[in-house]
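Engineer: Sharing query-v1.cif (mmCIF, C-alpha atoms and all ligand atoms) below.
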data_my_file
#
loop_
_atom_site.group_PDB
_atom_site.id
_atom_site.type_symbol
_atom_site.label_atom_id
_atom_site.label_comp_id
_atom_site.auth_asym_id
_atom_site.auth_seq_id
_atom_site.Cartn_x
_atom_site.Cartn_y
_atom_site.Cartn_z
ATOM 1 C CA MET A 1 -28.630 -21.059 16.116
ATOM 2 C CA SER A 2 -29.192 -17.938 18.165
ATOM 3 C CA GLY A 3 -31.594 -15.267 16.890
ATOM 4 C CA TYR A 4 -29.172 -12.572 18.016
ATOM 5 C CA LEU A 5 -28.582 -10.019 15.257
ATOM 6 C CA THR A 6 -26.510 -6.892 15.712
ATOM 7 C CA ARG A 7 -24.923 -4.382 13.383
ATOM 8 C CA PHE A 8 -21.951 -2.107 12.848
ATOM 9 C CA ALA A 9 -23.071 1.151 11.267
ATOM 10 C CA PRO A 10 -20.228 3.517 10.390
ATOM 11 C CA SER A 11 -20.582 6.695 8.351
ATOM 12 C CA PRO A 12 -18.066 6.906 5.492
ATOM 13 C CA THR A 13 -16.967 10.472 6.214
ATOM 14 C CA GLY A 14 -13.316 9.555 6.651
ATOM 15 C CA ARG A 15 -10.980 6.686 7.432
ATOM 16 C CA LEU A 16 -11.702 4.502 10.450
ATOM 17 C CA HIS A 17 -9.779 5.475 13.550
ATOM 18 C CA LEU A 18 -9.231 3.887 16.953
ATOM 19 C CA GLY A 19 -12.661 4.925 18.228
ATOM 20 C CA HIS A 20 -14.290 2.954 15.430
ATOM 21 C CA ALA A 21 -12.089 -0.017 16.197
ATOM 22 C CA VAL A 22 -13.287 0.080 19.828
ATOM 23 C CA SER A 23 -16.880 0.075 18.627
ATOM 24 C CA ALA A 24 -16.316 -2.690 16.098
ATOM 25 C CA PHE A 25 -14.502 -4.918 18.618
ATOM 26 C CA ASN A 26 -17.420 -4.468 21.022
ATOM 27 C CA VAL A 27 -20.004 -5.312 18.358
ATOM 28 C CA TRP A 28 -18.132 -8.402 17.190
ATOM 29 C CA ALA A 29 -17.423 -9.603 20.754
ATOM 30 C CA ALA A 30 -21.087 -9.265 21.721
ATOM 31 C CA ALA A 31 -22.222 -11.196 18.642
ATOM 32 C CA GLN A 32 -19.638 -13.880 19.203
ATOM 33 C CA ALA A 33 -20.595 -14.312 22.865
ATOM 34 C CA ALA A 34 -24.251 -14.696 21.853
ATOM 35 C CA GLY A 35 -23.573 -16.933 18.849
ATOM 36 C CA GLY A 36 -25.224 -14.242 16.739
ATOM 37 C CA LYS A 37 -24.783 -12.518 13.400
ATOM 38 C CA ILE A 38 -23.610 -9.060 12.363
ATOM 39 C CA ARG A 39 -24.822 -6.784 9.589
ATOM 40 C CA LEU A 40 -22.636 -4.054 8.159
ATOM 41 C CA ARG A 41 -24.599 -0.894 7.445
ATOM 42 C CA ILE A 42 -23.092 2.108 5.724
ATOM 43 C CA GLU A 43 -24.770 5.257 7.069
ATOM 44 C CA ASP A 44 -24.120 7.507 4.097
ATOM 45 C CA ILE A 45 -27.215 9.701 4.123
ATOM 46 C CA ASP A 46 -25.198 12.899 4.148
ATOM 47 C CA GLN A 47 -23.982 12.837 0.569
ATOM 48 C CA THR A 48 -21.885 15.959 0.998
ATOM 49 C CA ARG A 49 -19.708 14.410 3.715
ATOM 50 C CA CYS A 50 -19.820 10.705 2.788
ATOM 51 C CA LYS A 51 -17.548 9.404 0.040
ATOM 52 C CA PRO A 52 -17.572 6.013 -1.722
ATOM 53 C CA ALA A 53 -13.784 5.849 -1.341
ATOM 54 C CA PHE A 54 -14.192 5.946 2.446
ATOM 55 C CA GLU A 55 -16.750 3.165 2.250
ATOM 56 C CA ALA A 56 -14.297 0.958 0.379
ATOM 57 C CA ALA A 57 -11.674 1.828 2.986
ATOM 58 C CA ILE A 58 -14.021 0.835 5.836
ATOM 59 C CA LEU A 59 -14.518 -2.600 4.310
ATOM 60 C CA GLU A 60 -10.792 -2.974 3.847
ATOM 61 C CA ASP A 61 -9.968 -1.839 7.391
ATOM 62 C CA LEU A 62 -12.550 -4.188 8.943
ATOM 63 C CA ARG A 63 -11.177 -7.114 6.959
ATOM 64 C CA TRP A 64 -7.664 -6.179 8.007
ATOM 65 C CA LEU A 65 -8.839 -6.274 11.636
ATOM 66 C CA GLY A 66 -10.204 -9.766 10.952
ATOM 67 C CA LEU A 67 -13.822 -8.670 11.350
ATOM 68 C CA GLU A 68 -16.174 -10.303 8.845
ATOM 69 C CA TRP A 69 -19.864 -9.450 8.697
ATOM 70 C CA ASP A 70 -22.832 -11.560 7.622
ATOM 71 C CA GLY A 71 -24.898 -10.990 4.509
ATOM 72 C CA PRO A 72 -24.870 -8.065 2.092
ATOM 73 C CA VAL A 73 -23.858 -4.541 3.116
ATOM 74 C CA ARG A 74 -26.786 -2.148 3.426
ATOM 75 C CA ARG A 75 -26.049 1.294 2.031
ATOM 76 C CA GLN A 76 -28.528 3.895 3.272
ATOM 77 C CA SER A 77 -28.112 6.117 0.206
ATOM 78 C CA GLU A 78 -29.801 3.369 -1.821
ATOM 79 C CA HIS A 79 -32.939 3.507 0.299
ATOM 80 C CA PHE A 80 -34.041 7.128 0.282
ATOM 81 C CA ALA A 81 -37.536 6.135 -0.913
ATOM 82 C CA GLU A 82 -38.030 4.034 2.228
ATOM 83 C CA TYR A 83 -37.177 6.947 4.519
ATOM 84 C CA ARG A 84 -39.404 9.199 2.454
ATOM 85 C CA ALA A 85 -42.282 6.759 3.000
ATOM 86 C CA VAL A 86 -41.799 6.986 6.775
ATOM 87 C CA LEU A 87 -41.822 10.774 6.571
ATOM 88 C CA ASP A 88 -44.985 10.641 4.481
ATOM 89 C CA THR A 89 -46.666 8.484 7.128
ATOM 90 C CA LEU A 90 -45.636 10.817 9.944
ATOM 91 C CA ARG A 91 -46.758 13.778 7.907
ATOM 92 C CA ALA A 92 -50.152 12.250 7.131
ATOM 93 C CA ARG A 93 -50.581 11.762 10.879
ATOM 94 C CA GLY A 94 -49.758 15.416 11.506
ATOM 95 C CA LEU A 95 -46.657 14.555 13.519
ATOM 96 C CA ILE A 96 -44.051 16.454 11.540
ATOM 97 C CA TYR A 97 -43.970 19.994 10.242
ATOM 98 C CA ARG A 98 -41.714 22.176 8.125
ATOM 99 C CA CYS A 99 -39.565 24.503 10.179
ATOM 100 C CA PHE A 100 -38.032 27.374 8.223
ATOM 101 C CA ARG A 101 -35.996 28.833 11.064
ATOM 102 C CA THR A 102 -32.398 29.310 10.050
ATOM 103 C CA ARG A 103 -29.499 28.281 12.271
ATOM 104 C CA ARG A 104 -28.946 31.935 12.992
ATOM 105 C CA GLU A 105 -32.553 32.486 14.075
ATOM 106 C CA ILE A 106 -32.455 29.405 16.264
ATOM 107 C CA ALA A 107 -29.139 30.492 17.783
ATOM 108 C CA ALA A 108 -30.643 33.898 18.574
ATOM 109 C CA SER A 109 -33.467 32.256 20.530
ATOM 110 C CA LEU A 110 -31.052 30.180 22.620
ATOM 111 C CA PRO A 111 -28.809 31.027 25.557
ATOM 112 C CA ALA A 112 -25.426 32.340 24.365
ATOM 113 C CA GLY A 113 -23.043 29.589 23.336
ATOM 114 C CA ALA A 114 -25.719 26.901 22.824
ATOM 115 C CA ASP A 115 -25.274 24.857 19.651
ATOM 116 C CA PRO A 116 -28.317 25.367 17.403
ATOM 117 C CA ASP A 117 -27.852 21.898 15.947
ATOM 118 C CA GLU A 118 -27.903 20.275 19.365
ATOM 119 C CA ALA A 119 -30.178 22.442 21.466
ATOM 120 C CA ALA A 120 -33.758 21.486 22.179
ATOM 121 C CA PHE A 121 -35.893 23.630 19.963
ATOM 122 C CA VAL A 122 -39.641 23.665 19.833
ATOM 123 C CA SER A 123 -41.545 25.456 17.138
ATOM 124 C CA ARG A 124 -44.821 25.172 15.244
ATOM 125 C CA PRO A 125 -45.978 24.920 11.660
ATOM 126 C CA LEU A 126 -46.361 28.239 9.880
ATOM 127 C CA PRO A 127 -49.815 29.337 8.759
ATOM 128 C CA ALA A 128 -50.529 27.744 5.355
ATOM 129 C CA THR A 129 -50.227 30.945 3.320
ATOM 130 C CA GLU A 130 -46.892 31.872 4.877
ATOM 131 C CA GLU A 131 -45.603 28.346 4.323
ATOM 132 C CA ALA A 132 -46.691 28.411 0.676
ATOM 133 C CA GLU A 133 -44.937 31.716 0.224
ATOM 134 C CA ARG A 134 -41.663 30.348 1.628
ATOM 135 C CA LEU A 135 -41.896 27.188 -0.450
ATOM 136 C CA ALA A 136 -42.441 29.304 -3.546
ATOM 137 C CA ARG A 137 -39.246 31.155 -2.626
ATOM 138 C CA ASN A 138 -37.480 27.819 -2.395
ATOM 139 C CA ALA A 139 -36.527 28.546 1.228
ATOM 140 C CA PRO A 140 -34.662 25.769 3.039
ATOM 141 C CA PHE A 141 -36.469 23.965 5.866
ATOM 142 C CA ALA A 142 -36.214 21.069 8.294
ATOM 143 C CA TRP A 143 -38.879 18.457 8.929
ATOM 144 C CA ARG A 144 -39.304 18.471 12.696
ATOM 145 C CA LEU A 145 -41.184 15.947 14.795
ATOM 146 C CA SER A 146 -43.595 17.811 17.039
ATOM 147 C CA LEU A 147 -43.091 16.697 20.644
ATOM 148 C CA GLU A 148 -46.499 18.004 21.531
ATOM 149 C CA ARG A 149 -48.195 15.994 18.784
ATOM 150 C CA ALA A 150 -46.151 12.888 19.532
ATOM 151 C CA ARG A 151 -47.081 13.107 23.199
ATOM 152 C CA ALA A 152 -50.748 13.506 22.322
ATOM 153 C CA GLU A 153 -50.675 10.606 19.880
ATOM 154 C CA LEU A 154 -48.908 8.233 22.247
ATOM 155 C CA GLY A 155 -51.240 9.096 25.125
ATOM 156 C CA ALA A 156 -50.648 6.813 28.098
ATOM 157 C CA GLN A 157 -47.760 5.150 26.270
ATOM 158 C CA TRP A 158 -45.772 8.373 26.551
ATOM 159 C CA ALA A 159 -45.187 7.952 30.274
ATOM 160 C CA SER A 160 -43.958 4.402 29.821
ATOM 161 C CA LEU A 161 -41.534 5.017 26.935
ATOM 162 C CA ALA A 162 -38.486 2.930 27.742
ATOM 163 C CA TYR A 163 -35.866 0.584 26.378
ATOM 164 C CA THR A 164 -33.929 -2.357 27.725
ATOM 165 C CA GLU A 165 -30.240 -1.876 28.369
ATOM 166 C CA GLU A 166 -27.957 -4.846 28.716
ATOM 167 C CA THR A 167 -25.445 -4.159 31.479
ATOM 168 C CA LEU A 168 -22.775 -6.293 33.112
ATOM 169 C CA ALA A 169 -25.208 -6.800 35.988
ATOM 170 C CA GLY A 170 -27.957 -7.949 33.628
ATOM 171 C CA PRO A 171 -30.783 -6.241 31.742
ATOM 172 C CA ARG A 172 -32.400 -3.104 33.104
ATOM 173 C CA ILE A 173 -35.326 -1.078 31.888
ATOM 174 C CA VAL A 174 -34.414 2.527 31.190
ATOM 175 C CA ARG A 175 -37.126 5.163 31.107
ATOM 176 C CA ALA A 176 -36.873 7.192 27.880
ATOM 177 C CA ASP A 177 -37.744 10.890 27.974
ATOM 178 C CA PRO A 178 -37.365 12.570 24.578
ATOM 179 C CA ALA A 179 -38.651 15.941 25.860
ATOM 180 C CA PRO A 180 -35.199 17.470 26.488
ATOM 181 C CA PHE A 181 -34.462 17.130 22.751
ATOM 182 C CA GLY A 182 -37.356 19.334 21.691
ATOM 183 C CA ASP A 183 -38.771 18.904 18.186
ATOM 184 C CA VAL A 184 -36.069 16.772 16.597
ATOM 185 C CA VAL A 185 -35.131 17.155 12.956
ATOM 186 C CA LEU A 186 -36.058 14.030 10.970
ATOM 187 C CA ALA A 187 -35.145 15.316 7.492
ATOM 188 C CA ARG A 188 -34.341 18.497 5.645
ATOM 189 C CA LYS A 189 -35.375 19.938 2.332
ATOM 190 C CA ASP A 190 -32.324 18.443 0.646
ATOM 191 C CA THR A 191 -31.522 15.639 3.124
ATOM 192 C CA PRO A 192 -33.998 12.770 2.902
ATOM 193 C CA ALA A 193 -33.542 11.540 6.470
ATOM 194 C CA SER A 194 -31.723 12.293 9.689
ATOM 195 C CA TYR A 195 -29.567 9.756 11.483
ATOM 196 C CA HIS A 196 -32.414 9.096 13.961
ATOM 197 C CA LEU A 197 -34.945 8.245 11.304
ATOM 198 C CA ALA A 198 -32.697 6.169 9.052
ATOM 199 C CA CYS A 199 -31.107 4.319 11.970
ATOM 200 C CA CYS A 200 -34.400 3.331 13.650
ATOM 201 C CA HIS A 201 -35.999 2.429 10.331
ATOM 202 C CA ASP A 202 -33.086 0.204 9.376
ATOM 203 C CA ASP A 203 -32.766 -1.445 12.796
ATOM 204 C CA ALA A 204 -36.440 -2.417 12.489
ATOM 205 C CA LEU A 205 -36.305 -3.434 8.834
ATOM 206 C CA GLN A 206 -33.155 -5.481 9.276
ATOM 207 C CA GLY A 207 -34.568 -7.232 12.357
ATOM 208 C CA ILE A 208 -31.714 -6.041 14.567
ATOM 209 C CA THR A 209 -32.256 -7.597 18.001
ATOM 210 C CA HIS A 210 -29.278 -5.997 19.770
ATOM 211 C CA VAL A 211 -27.634 -2.625 19.247
ATOM 212 C CA VAL A 212 -24.116 -2.238 20.608
ATOM 213 C CA ARG A 213 -22.865 1.342 20.399
ATOM 214 C CA GLY A 214 -20.849 3.980 22.192
ATOM 215 C CA GLU A 215 -21.868 5.766 25.376
ATOM 216 C CA ASP A 216 -22.104 8.955 23.316
ATOM 217 C CA LEU A 217 -25.323 7.616 21.768
ATOM 218 C CA ARG A 218 -26.955 6.688 25.092
ATOM 219 C CA ASP A 219 -29.008 9.879 25.439
ATOM 220 C CA VAL A 220 -30.452 9.914 21.915
ATOM 221 C CA THR A 221 -31.811 6.413 22.504
ATOM 222 C CA ALA A 222 -34.761 8.229 24.128
ATOM 223 C CA ILE A 223 -35.554 9.720 20.707
ATOM 224 C CA HIS A 224 -35.258 6.286 19.162
ATOM 225 C CA ALA A 225 -37.675 4.796 21.721
ATOM 226 C CA MET A 226 -40.213 7.491 20.780
ATOM 227 C CA LEU A 227 -39.844 6.819 17.044
ATOM 228 C CA GLN A 228 -40.181 3.075 17.616
ATOM 229 C CA ALA A 229 -43.380 3.646 19.588
ATOM 230 C CA LEU A 230 -44.820 6.010 16.966
ATOM 231 C CA MET A 231 -44.022 3.668 14.083
ATOM 232 C CA SER A 232 -44.772 0.421 15.986
ATOM 233 C CA TRP A 233 -41.269 -0.755 15.163
ATOM 234 C CA PRO A 234 -39.794 -3.593 17.190
ATOM 235 C CA GLN A 235 -37.254 -2.377 19.704
ATOM 236 C CA PRO A 236 -33.792 -3.855 19.972
ATOM 237 C CA VAL A 237 -31.986 -4.317 23.282
ATOM 238 C CA TYR A 238 -29.222 -1.713 23.741
ATOM 239 C CA ARG A 239 -25.717 -1.967 25.093
ATOM 240 C CA PHE A 240 -23.429 1.044 25.404
ATOM 241 C CA HIS A 241 -19.683 0.630 25.426
ATOM 242 C CA PRO A 242 -17.253 3.107 26.990
ATOM 243 C CA LEU A 243 -15.535 5.463 24.566
ATOM 244 C CA MET A 244 -11.823 5.446 24.146
ATOM 245 C CA LEU A 245 -10.368 8.780 25.170
ATOM 246 C CA GLY A 246 -7.326 10.454 23.720
ATOM 247 C CA ALA A 247 -4.348 11.223 25.946
ATOM 248 C CA ASP A 248 -5.927 14.623 26.702
ATOM 249 C CA GLY A 249 -9.201 13.034 27.829
ATOM 250 C CA ARG A 250 -11.123 14.112 24.721
ATOM 251 C CA LYS A 251 -13.208 11.673 22.752
ATOM 252 C CA LEU A 252 -11.164 10.275 19.876
ATOM 253 C CA SER A 253 -12.507 11.298 16.534
ATOM 254 C CA LYS A 254 -11.551 12.223 13.020
ATOM 255 C CA ARG A 255 -11.982 15.855 13.933
ATOM 256 C CA ASN A 256 -9.279 15.508 16.539
ATOM 257 C CA ALA A 257 -7.076 14.444 13.656
ATOM 258 C CA ASP A 258 -6.142 11.268 15.440
ATOM 259 C CA LYS A 259 -4.323 8.721 13.425
ATOM 260 C CA SER A 260 -6.424 6.465 11.245
ATOM 261 C CA LEU A 261 -6.124 2.688 11.309
ATOM 262 C CA ASP A 262 -4.424 2.649 7.924
ATOM 263 C CA GLN A 263 -1.777 5.055 9.211
ATOM 264 C CA TYR A 264 -1.032 2.712 12.122
ATOM 265 C CA ARG A 265 -0.980 -0.100 9.608
ATOM 266 C CA SER A 266 1.505 1.672 7.351
ATOM 267 C CA GLU A 267 3.697 2.224 10.392
ATOM 268 C CA GLY A 268 3.844 -1.542 10.786
ATOM 269 C CA MET A 269 1.217 -2.077 13.493
ATOM 270 C CA THR A 270 -0.711 -5.335 13.400
ATOM 271 C CA PRO A 271 -4.414 -5.898 14.095
ATOM 272 C CA GLU A 272 -3.316 -7.401 17.410
ATOM 273 C CA ASP A 273 -1.509 -4.160 18.274
ATOM 274 C CA ILE A 274 -4.735 -2.256 17.555
ATOM 275 C CA ARG A 275 -6.633 -4.654 19.789
ATOM 276 C CA SER A 276 -4.275 -4.136 22.694
ATOM 277 C CA MET A 277 -4.249 -0.354 22.202
ATOM 278 C CA THR A 278 -8.031 -0.257 22.380
ATOM 279 C CA ALA A 279 -8.437 -2.754 25.236
ATOM 280 C CA PRO A 280 -10.059 -1.185 28.303
ATOM 281 C CA ALA A 281 -7.424 -0.230 30.901
HETATM 282 N N1 LIG B 1 -23.463 6.017 11.991
HETATM 283 C C1 LIG B 1 -23.446 6.133 13.427
HETATM 284 C C2 LIG B 1 -22.039 6.491 13.879
HETATM 285 O O1 LIG B 1 -21.095 6.268 13.144
HETATM 286 C C3 LIG B 1 -23.927 4.817 14.041
HETATM 287 C C4 LIG B 1 -24.582 4.995 15.318
HETATM 288 C C5 LIG B 1 -25.304 3.749 15.821
HETATM 289 O O2 LIG B 1 -24.643 2.717 16.030
HETATM 290 O O3 LIG B 1 -26.489 3.827 16.024
HETATM 291 O O4 LIG B 1 -21.850 7.043 14.931
#
Reformat the file's structure so that it appears as structure tokens.
Ligand code: GLU
Structural biologist:
Amino acid sequence: MSGYLTRFAPSPTGRLHLGHAVSAFNVWAAAQAAGGKIRLRIEDIDQTRCKPAFEAAILEDLRWLGLEWDGPVRRQSEHFAEYRAVLDTLRARGLIYRCFRTRREIAASLPAGADPDEAAFVSRPLPATEEAERLARNAPFAWRLSLERARAELGAQWASLAYTEETLAGPRIVRADPAPFGDVVLARKDTPASYHLACCHDDALQGITHVVRGEDLRDVTAIHAMLQALMSWPQPVYRFHPLMLGADGRKLSKRNADKSLDQYRSEGMTPEDIRSMTAPA
């Protein structure tokens, strides 16, 4: 039996749509080609946007597509203590700090039009008395990973941060530079972990050997390589699949209000129809 282990990791913020089907077909095809196994992981950290009903629907839609996973489903909302422990470790090592800047303050420090949630932002811990005063006021904050501290801690390893990408032409080593992302947010006052933290923690804990995900997550893999180095987590091999674009060339997504798989299903489409609609041109 092959030691290949991959995963499908949707967030239950809505029904699955064609973009998810593309991702799932890629994950299952890769596992099948390698004689490997697949874990299903529900990335439901954001409890305001994730709903149990959507999780049930994901399981139903995958089964309808004929995609069965191996072993129990991992639900991230049941593992907050594990993410907290990682944060505690990073904090004890002086790698993360509380950032009290509001979105508005961050936006004001950025070029016009830049998205404060996406832009690279570098800050520093507040002096202890000021921090205590804000905490006493119950002010919201983000836990940010200090790039400067991470770079110092990794020393010579920083320059060789990299990951292996599986391409059609074979594996290639990709240099990972997390600097353009600034001090990334790893948690917030009321959100126990960011996607980056929970995803890398779970890939390591679950022994995921191969990650198959969309091209849209290629760039953030540099952040993941840094976290893996800092936490001495094993690093999976990555493969990025092309995204399916809507007729107007935009990425398909729930926000674009594209039709969900269950809508296609209720219109009489079969799983095979979905497969041919999502097949690369
Ligand atoms: N929950 C993420 C998503 O739905 C998974 C990303 C990943 O595969 O790492 O986009």
Engineer: Residues within 10 Å of ligand LIG 1 (chain B) should be enumerated using all atoms listed in the file and returned as JSON, numbers by chain.
Structural biologist: {"A": [6, 7, 8, 9, 10, 11, 12, 13, 16, 19, 20, 23, 24, 27, 41, 42, 43, 44, 45, 195, 196, 198, 199, 200, 203, 211, 212, 213, 214, 216, 217, 218, 220, 221, 224, 238, 240]}
Engineer: List the neighbours of Ala162 in chain A out to 10 Å using only C-alpha atoms; skip same-chain residues closer than 2 positions along the sequence, and give me the result as a list in words.
Structural biologist: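 Selected residues are Gln157, Trp158, Ala159, Ser160, Thr164, Glu165, Ile173, Val174, Arg175, Ala176, Asp177, Thr221, Ala222, His224, Ala225, Met226, Ala229 and Gln235 of chain A.
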Engineer: Could you write out as a ChimeraX atom specification the residues that the PyMOL selection byres (((chain A and resi 91-97) around 7) and not hetatm) matches in the shown file?
Structural biologist: /A:87-90,98-99,125,143-146,149-150
Engineer: Which of these, A:Glu166, A:His210, A:Arg239, A:Lys259, has the shortest distance to Gly3 in chain A once you count only C-alpha atoms?
Structural biologist: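 Counting only C-alpha atoms, the residue closest to Gly3 in chain A is A:His210.
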Engineer: Using all atoms listed in the file, which of the listed residues (A:Phe100, A:Ile106, A:Gly113, A:Ser232) sits closest to Leu135 in chain A?
Structural biologist: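 Smallest separation from Leu135 in chain A among the options: A:Phe100.
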Engineer: Of the candidates A:Ala152, A:Thr209, A:Arg275, A:His79, which shows the shortest atom-to-atom distance to Ala29 in chain A, using all atoms listed in the file?
Structural biologist: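 With all atoms listed in the file as the atom set, the closest residue is A:Arg275.
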Engineer: Can you give me, as a PDB file with C-alpha atoms, keeping the file's coordinate frame, the residues this file yields under the PyMOL selection byres (((chain A and resi 15) around 8) and not hetatm)?
Structural biologist:
ATOM      1  CA  PRO A  12     -18.066   6.906   5.492  1.00  0.00           C
ATOM      2  CA  THR A  13     -16.967  10.472   6.214  1.00  0.00           C
ATOM      3  CA  GLY A  14     -13.316   9.555   6.651  1.00  0.00           C
ATOM      4  CA  LEU A  16     -11.702   4.502  10.450  1.00  0.00           C
ATOM      5  CA  HIS A  17      -9.779   5.475  13.550  1.00  0.00           C
ATOM      6  CA  PHE A  54     -14.192   5.946   2.446  1.00  0.00           C
ATOM      7  CA  ALA A  57     -11.674   1.828   2.986  1.00  0.00           C
ATOM      8  CA  ILE A  58     -14.021   0.835   5.836  1.00  0.00           C
ATOM      9  CA  LYS A 254     -11.551  12.223  13.020  1.00  0.00           C
ATOM     10  CA  SER A 260      -6.424   6.465  11.245  1.00  0.00           C
ATOM     11  CA  LEU A 261      -6.124   2.688  11.309  1.00  0.00           C
ATOM     12  CA  ASP A 262      -4.424   2.649   7.924  1.00  0.00           C
TER      13      ASP A 262
END
Engineer: Would you write out, as a count of residues only, every residue that the PyMOL selection byres (((chain A and resi 139) around 12) and not hetatm) captures in this file?
Structural biologist: 20
Engineer: Excluding Ile274 in chain A and residues on its chain fewer than 6 positions from it, collect all residues at most 10 Å away from it, counting all atoms listed in the file, and give them as an mmCIF file with C-alpha atoms, in the coordinates of the input.
Structural biologist:
data_model
loop_
_atom_site.group_PDB
_atom_site.id
_atom_site.type_symbol
_atom_site.label_atom_id
_atom_site.label_comp_id
_atom_site.auth_asym_id
_atom_site.auth_seq_id
_atom_site.Cartn_x
_atom_site.Cartn_y
_atom_site.Cartn_z
ATOM 1 C CA LEU A 18 -9.231 3.887 16.953
ATOM 2 C CA ALA A 21 -12.089 -0.017 16.197
ATOM 3 C CA VAL A 22 -13.287 0.080 19.828
ATOM 4 C CA LEU A 65 -8.839 -6.274 11.636
ATOM 5 C CA LEU A 261 -6.124 2.688 11.309
ATOM 6 C CA TYR A 264 -1.032 2.712 12.122
ATOM 7 C CA ARG A 265 -0.980 -0.100 9.608
#
Engineer: Could you state the separation of CA of Leu5 in chain A and CA of Val237 in chain A in Å, given to one decimal place?
Structural biologist: 10.4 Å
Engineer: Between A:Asp61, A:Pro280, A:Gln263, A:Ala179, single out the one closest to Leu243 in chain A, counting all atoms listed in the file.
Structural biologist: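 With all atoms listed in the file as the atom set, the closest residue is A:Pro280.
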